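Working notes, beginning with the structure itself.
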Amino acid sequence: MQYRTLGRTGVQVSSLALGAMNFGRIGRSTQDEATAIVDAALEAGINLIDTADVYSDGESEEMVGKAIAGRRDDIVLATKAGLPMGDERNHRGSSRRWLVTALDESLRRLGVDHVDLYQIHRWDPSTGDEETLSAMTDLQRAGKIRYFGSSTFPAHRIVQAQWAAREHHLGRYVTEQPSYSILQRGIETHILPVTEEYGLGVLVWSPLASGWLSGAVRSGRPITTSRSTFMPERFDTGLPGNRARLDAVEQLAELADEAGLTMIQLALGFVTAHRAVTSALIGPRTPEHLHSQLAAADTVLPADVLDAIDTIVAPGTDLAPHEKYDTPPALLDPSLRRR
């Protein structure tokens, strides 16, 4: 396992981190399976575990808490808040009112007195930066969080938050968690240059592109991944964007074979090769999935393989731009573009 410094915090984290989104109902994982996954991940050298309050409505945090009981101090523990927790209109977003409550609930579910990294799950356009940053700074001073970060923020919001922290003499976001894979390289154009400029740690999610790069998706075969059962539109090869992804996957599979690598090693080796990336979040649903992903822990792709990937999917290109999560709201809602 490789280790890198998380931004400018001085904290050392593994280049592969364990994402716990599949713990609970989402991944149909039991507590025994979740504990087995955590056990194997820690044994392999992973020391960062990332979850969120919204994952299976808190069940993921509860499972993580039980799995790490008795060894909390050996783990860099991260969670997130901001996405809706139920129908109550104020149980979401990044207001002080909600973040203070949401963190207390997360700490209760996790069974700990603090988390190492508390992240705003999505940019909240209805809440000012000063409001959010002041709340996070107070939670940090209270000892309930060690650091705080953002997740899937547009580049201009990352910059604005850094300036707001400086202007108001508040703590700042020290990490960003964007989506990044061989098939979704758009963050190379705007997000990663900004994170490098401000010295942010970068924890990338979906490095296997929701299963497209797992080796299970190939031309001429039925697509039976877990994600395809509840996100069928993402795997409908009748759609132009998905056909483009499938074409790229076939070329990448050939490249991986020539290099003596699995598709998973190629995919994870690619994202961890970028100098701005700290860790790739893997989200195994079963212990078997975890072991196949751990095989990439020490994968270092040579320059010729990275160059070949660039010819298949050009740098800065998103093959599925409609699946972006950091798109400015005005591009999605026409009313926000008009007087």
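Within each chain, counting starts at residue 1; across the structure tokens, chains are named A, B, ... in the order shown, with ligands numbered 1 upward in that order.
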Give me, as JSON lines, each residue of range 81-135 of chain A that comes within 7 Å of range 151-163 of chain A, together with its shortest interatomic pair and the distance in Å at one decimal, counting only C-alpha atoms, with rows ordered by chain and rising residue number.
```
{"residue": "A:Gln119", "atom": "CA", "partner": "A:Ser151", "partner_atom": "CA", "distance": 6.4}
{"residue": "A:Ile120", "atom": "CA", "partner": "A:Ser151", "partner_atom": "CA", "distance": 5.9}
{"residue": "A:His121", "atom": "CA", "partner": "A:Ser151", "partner_atom": "CA", "distance": 5.0}
{"residue": "A:Arg122", "atom": "CA", "partner": "A:Ser151", "partner_atom": "CA", "distance": 5.6}
{"residue": "A:Trp123", "atom": "CA", "partner": "A:Phe153", "partner_atom": "CA", "distance": 5.5}
{"residue": "A:Asp129", "atom": "CA", "partner": "A:Ala161", "partner_atom": "CA", "distance": 6.0}
```
Can you pull out the residues contacting range 185-191 of chain A? Cut-off 9 Å, using only C-alpha atoms, and skip same-chain residues under 2 positions away; I want them as a list of chain:residue names.
A:Phe153, A:Pro154, A:Ala155, A:His156, A:Ile158, A:Glu176, A:Pro178, A:Ser179, A:Tyr180, A:Ser181, A:Ile182, A:Leu183, A:Pro193, A:Val194, A:Thr195, A:Glu196, A:Val313, A:Ala314, A:Pro315, A:Gly316, A:Thr317, A:Asp318, A:Leu319, A:Pro321, A:Lys324
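If only C-alpha atoms are the atoms counted, then among A:Ala17, A:Leu6, A:Ala34, A:Leu301 the closest residue to Val204 in chain A is A:Ala17.
Here the DSSP assignment of strand (DSSP E), based on backbone atoms, applies within range 133-253 of chain A to Ile145, Arg146, Tyr147, Phe148, Gly149, Ser150, Ser151, Thr175, Glu176, Gln177, Gly201, Val202, Leu203 and Val204 of chain A.
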Show which residues sit within 8 Å of Arg25 in chain A, as a ChimeraX atom specification. Count only C-alpha atoms, and ignore same-chain residues fewer than 4 positions away.
/A:29,56,59
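Minimum atom-to-atom distances from A:Val202, A:Thr175, A:Gly111, A:Pro207 to Pro284 in chain A were compared using only C-alpha atoms, and the lowest value belongs to A:Pro207.
In this model, the gap between CA of Gly241 in chain A and CA of Trp212 in chain A comes to 12.5 Å.
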Select from range 138-233 of chain A every residue with an atom at most 8 Å from any atom of range 242-261 of chain A, then for each give the shortest pair of atoms and their distance in Å to one decimal, using only C-alpha atoms, rows by chain and rising number, as a Markdown table.
```
| residue | atom | partner | partner_atom | distance |
| --- | --- | --- | --- | --- |
| A:Leu183 | CA | A:Arg245 | CA | 6.9 |
| A:Trp212 | CA | A:Val249 | CA | 7.4 |
| A:Leu213 | CA | A:Val249 | CA | 6.9 |
| A:Gly215 | CA | A:Ala253 | CA | 7.7 |
| A:Val217 | CA | A:Leu246 | CA | 7.8 |
| A:Arg218 | CA | A:Glu250 | CA | 6.6 |
| A:Ser219 | CA | A:Leu246 | CA | 6.8 |
```
Report as a list in words all protein, DNA and RNA residues lying within 9 Å of Ile37 in chain A, evaluated on only C-alpha atoms, omitting residues in the same chain fewer than 2 positions from it.
Leu18, Asp32, Glu33, Ala34, Thr35, Asp39, Ala40, Ala41, Leu42, Ala67, Pro284, Arg285, Thr286, Pro287, Glu288 and Leu290 of chain A
Please produce an output containing N, CA and C atoms for each residue in the selection, written as a PDB file, in the first residue's frame.
```
ATOM      1  N   LEU A  18     -11.363   3.180   1.782  1.00  0.00           N
ATOM      2  CA  LEU A  18     -12.582   2.368   1.784  1.00  0.00           C
ATOM      3  C   LEU A  18     -13.809   3.251   1.854  1.00  0.00           C
ATOM      4  N   ASP A  32     -22.076  -8.504   9.287  1.00  0.00           N
ATOM      5  CA  ASP A  32     -20.940  -9.434   9.222  1.00  0.00           C
ATOM      6  C   ASP A  32     -20.108  -9.182   7.956  1.00  0.00           C
ATOM      7  N   GLU A  33     -20.776  -8.927   6.838  1.00  0.00           N
ATOM      8  CA  GLU A  33     -20.047  -8.643   5.601  1.00  0.00           C
ATOM      9  C   GLU A  33     -19.296  -7.323   5.700  1.00  0.00           C
ATOM     10  N   ALA A  34     -19.946  -6.310   6.268  1.00  0.00           N
ATOM     11  CA  ALA A  34     -19.293  -5.017   6.423  1.00  0.00           C
ATOM     12  C   ALA A  34     -18.066  -5.130   7.321  1.00  0.00           C
ATOM     13  N   THR A  35     -18.198  -5.861   8.405  1.00  0.00           N
ATOM     14  CA  THR A  35     -17.061  -6.033   9.321  1.00  0.00           C
ATOM     15  C   THR A  35     -15.935  -6.801   8.648  1.00  0.00           C
ATOM     16  N   ASP A  39     -12.243  -5.388   8.151  1.00  0.00           N
ATOM     17  CA  ASP A  39     -11.101  -6.171   8.651  1.00  0.00           C
ATOM     18  C   ASP A  39     -10.052  -6.367   7.566  1.00  0.00           C
ATOM     19  N   ALA A  40     -10.495  -6.802   6.395  1.00  0.00           N
ATOM     20  CA  ALA A  40      -9.569  -7.085   5.298  1.00  0.00           C
ATOM     21  C   ALA A  40      -8.912  -5.806   4.792  1.00  0.00           C
ATOM     22  N   ALA A  41      -9.679  -4.714   4.752  1.00  0.00           N
ATOM     23  CA  ALA A  41      -9.122  -3.441   4.280  1.00  0.00           C
ATOM     24  C   ALA A  41      -8.025  -2.951   5.219  1.00  0.00           C
ATOM     25  N   LEU A  42      -8.285  -3.007   6.510  1.00  0.00           N
ATOM     26  CA  LEU A  42      -7.278  -2.553   7.479  1.00  0.00           C
ATOM     27  C   LEU A  42      -6.042  -3.452   7.446  1.00  0.00           C
ATOM     28  N   ALA A  67     -18.035  -1.897  13.106  1.00  0.00           N
ATOM     29  CA  ALA A  67     -16.875  -2.582  12.518  1.00  0.00           C
ATOM     30  C   ALA A  67     -15.550  -2.050  13.045  1.00  0.00           C
ATOM     31  N   PRO A 284     -16.418  -1.559  -2.266  1.00  0.00           N
ATOM     32  CA  PRO A 284     -16.783  -2.963  -2.482  1.00  0.00           C
ATOM     33  C   PRO A 284     -18.103  -3.326  -1.814  1.00  0.00           C
ATOM     34  N   ARG A 285     -18.857  -4.166  -2.501  1.00  0.00           N
ATOM     35  CA  ARG A 285     -20.125  -4.651  -1.951  1.00  0.00           C
ATOM     36  C   ARG A 285     -19.942  -5.969  -1.226  1.00  0.00           C
ATOM     37  N   THR A 286     -18.886  -6.703  -1.569  1.00  0.00           N
ATOM     38  CA  THR A 286     -18.604  -7.993  -0.944  1.00  0.00           C
ATOM     39  C   THR A 286     -17.106  -8.092  -0.665  1.00  0.00           C
ATOM     40  N   PRO A 287     -16.696  -9.011   0.224  1.00  0.00           N
ATOM     41  CA  PRO A 287     -15.257  -9.212   0.445  1.00  0.00           C
ATOM     42  C   PRO A 287     -14.531  -9.609  -0.839  1.00  0.00           C
ATOM     43  N   GLU A 288     -15.201 -10.335  -1.724  1.00  0.00           N
ATOM     44  CA  GLU A 288     -14.574 -10.729  -2.992  1.00  0.00           C
ATOM     45  C   GLU A 288     -14.270  -9.506  -3.845  1.00  0.00           C
ATOM     46  N   LEU A 290     -13.679  -6.548  -2.710  1.00  0.00           N
ATOM     47  CA  LEU A 290     -12.568  -5.852  -2.065  1.00  0.00           C
ATOM     48  C   LEU A 290     -11.231  -6.451  -2.483  1.00  0.00           C
TER      49      LEU A 290
END
```
Could you write out, as a VMD selection string, all the residues of range 250-337 of chain A that DSSP marks as helix (DSSP H, G or I)?
chain A and resid 250 to 259 263 to 273 287 to 294 303 to 312 321 to 323 329 to 332 334 to 337
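Closest approach to Leu16 in chain A among A:Leu170, A:Ala44, A:Val64, A:Ile309 is made by A:Ala44 (distances from only C-alpha atoms).
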One number please: CA of Thr51 in chain A to CA of Met263 in chain A, in Å, one decimal.
25.3 Å
From A:Gly269, A:Gly58, A:Gly143, A:Gly238, residue lying nearest Leu117 in chain A [only C-alpha atoms]:
A:Gly143
Using only C-alpha atoms, determine which residues lie at most 12 Å from Asp138 in chain A, disregarding the query and same-chain residues fewer than 2 positions distant; provide the list as a list of chain:residue names.
A:Arg96, A:Leu99, A:Val100, A:Glu130, A:Glu131, A:Thr132, A:Leu133, A:Ser134, A:Ala135, A:Met136, A:Gln140, A:Arg141, A:Ala142, A:Gly143, A:Lys144, A:Ile145, A:Arg146, A:Tyr147, A:Phe148, A:Leu170, A:Gly171, A:Arg172
Excluding Gln265 in chain A and its own-chain neighbours fewer than 6 positions away, which residues fall within 10 Å of it when counting only C-alpha atoms? Please give them as a list of chain:residue names.
A:Leu208, A:Leu213, A:Ser214, A:Ala256, A:Ser292, A:Gln293, A:Leu294, A:Ala295, A:Ala296, A:Ala297, A:Asp298, A:Thr299, A:Val300, A:Leu301
Grab the residues selected above and save them as a short mmCIF file (atom, residue, chain, number, x, y, z; two decimals), in the first residue's frame with all heavy atoms.
```cif
data_model
loop_
_atom_site.label_atom_id
_atom_site.label_comp_id
_atom_site.auth_asym_id
_atom_site.auth_seq_id
_atom_site.Cartn_x
_atom_site.Cartn_y
_atom_site.Cartn_z
N LEU A 208 -14.07 3.32 -10.66
CA LEU A 208 -14.44 2.23 -11.57
C LEU A 208 -15.66 2.60 -12.42
O LEU A 208 -16.23 1.74 -13.10
CB LEU A 208 -14.70 0.94 -10.80
CG LEU A 208 -13.52 0.39 -9.99
CD1 LEU A 208 -13.90 -0.92 -9.31
CD2 LEU A 208 -12.29 0.20 -10.86
N LEU A 213 -15.70 -0.08 -15.43
CA LEU A 213 -14.29 -0.42 -15.51
C LEU A 213 -13.92 -1.58 -14.59
O LEU A 213 -12.75 -1.80 -14.30
CB LEU A 213 -13.44 0.81 -15.18
CG LEU A 213 -13.61 2.00 -16.13
CD1 LEU A 213 -12.85 3.21 -15.61
CD2 LEU A 213 -13.15 1.63 -17.54
N SER A 214 -14.92 -2.34 -14.16
CA SER A 214 -14.66 -3.45 -13.25
C SER A 214 -14.23 -4.73 -13.97
O SER A 214 -13.79 -5.68 -13.35
CB SER A 214 -15.92 -3.76 -12.44
OG SER A 214 -16.95 -4.26 -13.29
N ALA A 256 -5.22 -3.33 -21.21
CA ALA A 256 -4.92 -4.00 -19.94
C ALA A 256 -4.33 -5.38 -20.18
O ALA A 256 -3.35 -5.77 -19.52
CB ALA A 256 -6.20 -4.10 -19.10
N SER A 292 -10.39 -8.09 -5.11
CA SER A 292 -10.04 -7.81 -6.50
C SER A 292 -9.54 -6.38 -6.66
O SER A 292 -8.70 -6.09 -7.53
CB SER A 292 -11.24 -8.06 -7.42
OG SER A 292 -12.27 -7.11 -7.17
N GLN A 293 -10.02 -5.48 -5.81
CA GLN A 293 -9.60 -4.08 -5.88
C GLN A 293 -8.28 -3.86 -5.14
O GLN A 293 -7.46 -3.02 -5.54
CB GLN A 293 -10.72 -3.18 -5.34
CG GLN A 293 -11.95 -3.21 -6.22
CD GLN A 293 -13.20 -2.67 -5.55
OE1 GLN A 293 -13.14 -1.93 -4.58
NE2 GLN A 293 -14.37 -3.05 -6.07
N LEU A 294 -8.06 -4.61 -4.06
CA LEU A 294 -6.80 -4.49 -3.33
C LEU A 294 -5.61 -4.90 -4.18
O LEU A 294 -4.48 -4.47 -3.91
CB LEU A 294 -6.85 -5.34 -2.06
CG LEU A 294 -7.72 -4.81 -0.92
CD1 LEU A 294 -7.78 -5.83 0.21
CD2 LEU A 294 -7.18 -3.47 -0.40
N ALA A 295 -5.85 -5.70 -5.21
CA ALA A 295 -4.76 -6.11 -6.10
C ALA A 295 -4.13 -4.92 -6.81
O ALA A 295 -3.03 -5.03 -7.35
CB ALA A 295 -5.28 -7.13 -7.12
N ALA A 296 -4.84 -3.78 -6.80
CA ALA A 296 -4.31 -2.58 -7.45
C ALA A 296 -3.57 -1.67 -6.48
O ALA A 296 -3.12 -0.59 -6.88
CB ALA A 296 -5.46 -1.81 -8.10
N ALA A 297 -3.41 -2.09 -5.24
CA ALA A 297 -2.83 -1.21 -4.23
C ALA A 297 -1.43 -0.75 -4.58
O ALA A 297 -1.04 0.38 -4.26
CB ALA A 297 -2.83 -1.91 -2.87
N ASP A 298 -0.65 -1.60 -5.22
CA ASP A 298 0.73 -1.22 -5.54
C ASP A 298 0.93 -1.08 -7.05
O ASP A 298 2.06 -1.10 -7.54
CB ASP A 298 1.72 -2.25 -4.98
CG ASP A 298 1.45 -3.66 -5.48
OD1 ASP A 298 0.47 -3.85 -6.21
OD2 ASP A 298 2.24 -4.57 -5.14
N THR A 299 -0.16 -0.92 -7.79
CA THR A 299 -0.06 -0.77 -9.24
C THR A 299 0.46 0.61 -9.61
O THR A 299 -0.09 1.62 -9.18
CB THR A 299 -1.43 -0.99 -9.91
OG1 THR A 299 -1.88 -2.33 -9.65
CG2 THR A 299 -1.34 -0.77 -11.42
N VAL A 300 1.53 0.64 -10.38
CA VAL A 300 2.07 1.90 -10.90
C VAL A 300 2.12 1.76 -12.42
O VAL A 300 2.85 0.93 -12.95
CB VAL A 300 3.48 2.19 -10.35
CG1 VAL A 300 4.04 3.46 -10.97
CG2 VAL A 300 3.45 2.29 -8.82
N LEU A 301 1.30 2.53 -13.10
CA LEU A 301 1.23 2.42 -14.55
C LEU A 301 2.42 3.12 -15.20
O LEU A 301 2.72 4.27 -14.87
CB LEU A 301 -0.06 3.03 -15.07
CG LEU A 301 -1.37 2.42 -14.57
CD1 LEU A 301 -2.56 3.07 -15.28
CD2 LEU A 301 -1.40 0.92 -14.77
#
```
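Here CA of Glu43 in chain A and CA of Arg275 in chain A stand 26.0 Å from one another.
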Do a neighbour search on Arg8 in chain A at 9 Å with only C-alpha atoms, toss out local chain neighbours closer than 2 positions, and write the hits as a PDB file with C-alpha atoms, in the first residue's frame.
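This went into out.pdb:
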```pdb
ATOM      1  CA  THR A   5      -0.159  13.318   2.739  1.00  0.00           C
ATOM      2  CA  LEU A   6      -3.765  14.535   2.824  1.00  0.00           C
ATOM      3  CA  GLY A  10       0.286  16.305   7.592  1.00  0.00           C
ATOM      4  CA  VAL A  11      -2.056  13.304   7.938  1.00  0.00           C
ATOM      5  CA  VAL A 174      -8.745  21.133   3.208  1.00  0.00           C
ATOM      6  CA  GLY A 199      -3.151  22.550  -1.636  1.00  0.00           C
ATOM      7  CA  LEU A 200      -6.301  20.471  -1.114  1.00  0.00           C
ATOM      8  CA  GLY A 201      -6.258  16.736  -0.587  1.00  0.00           C
TER       9      GLY A 201
END
```
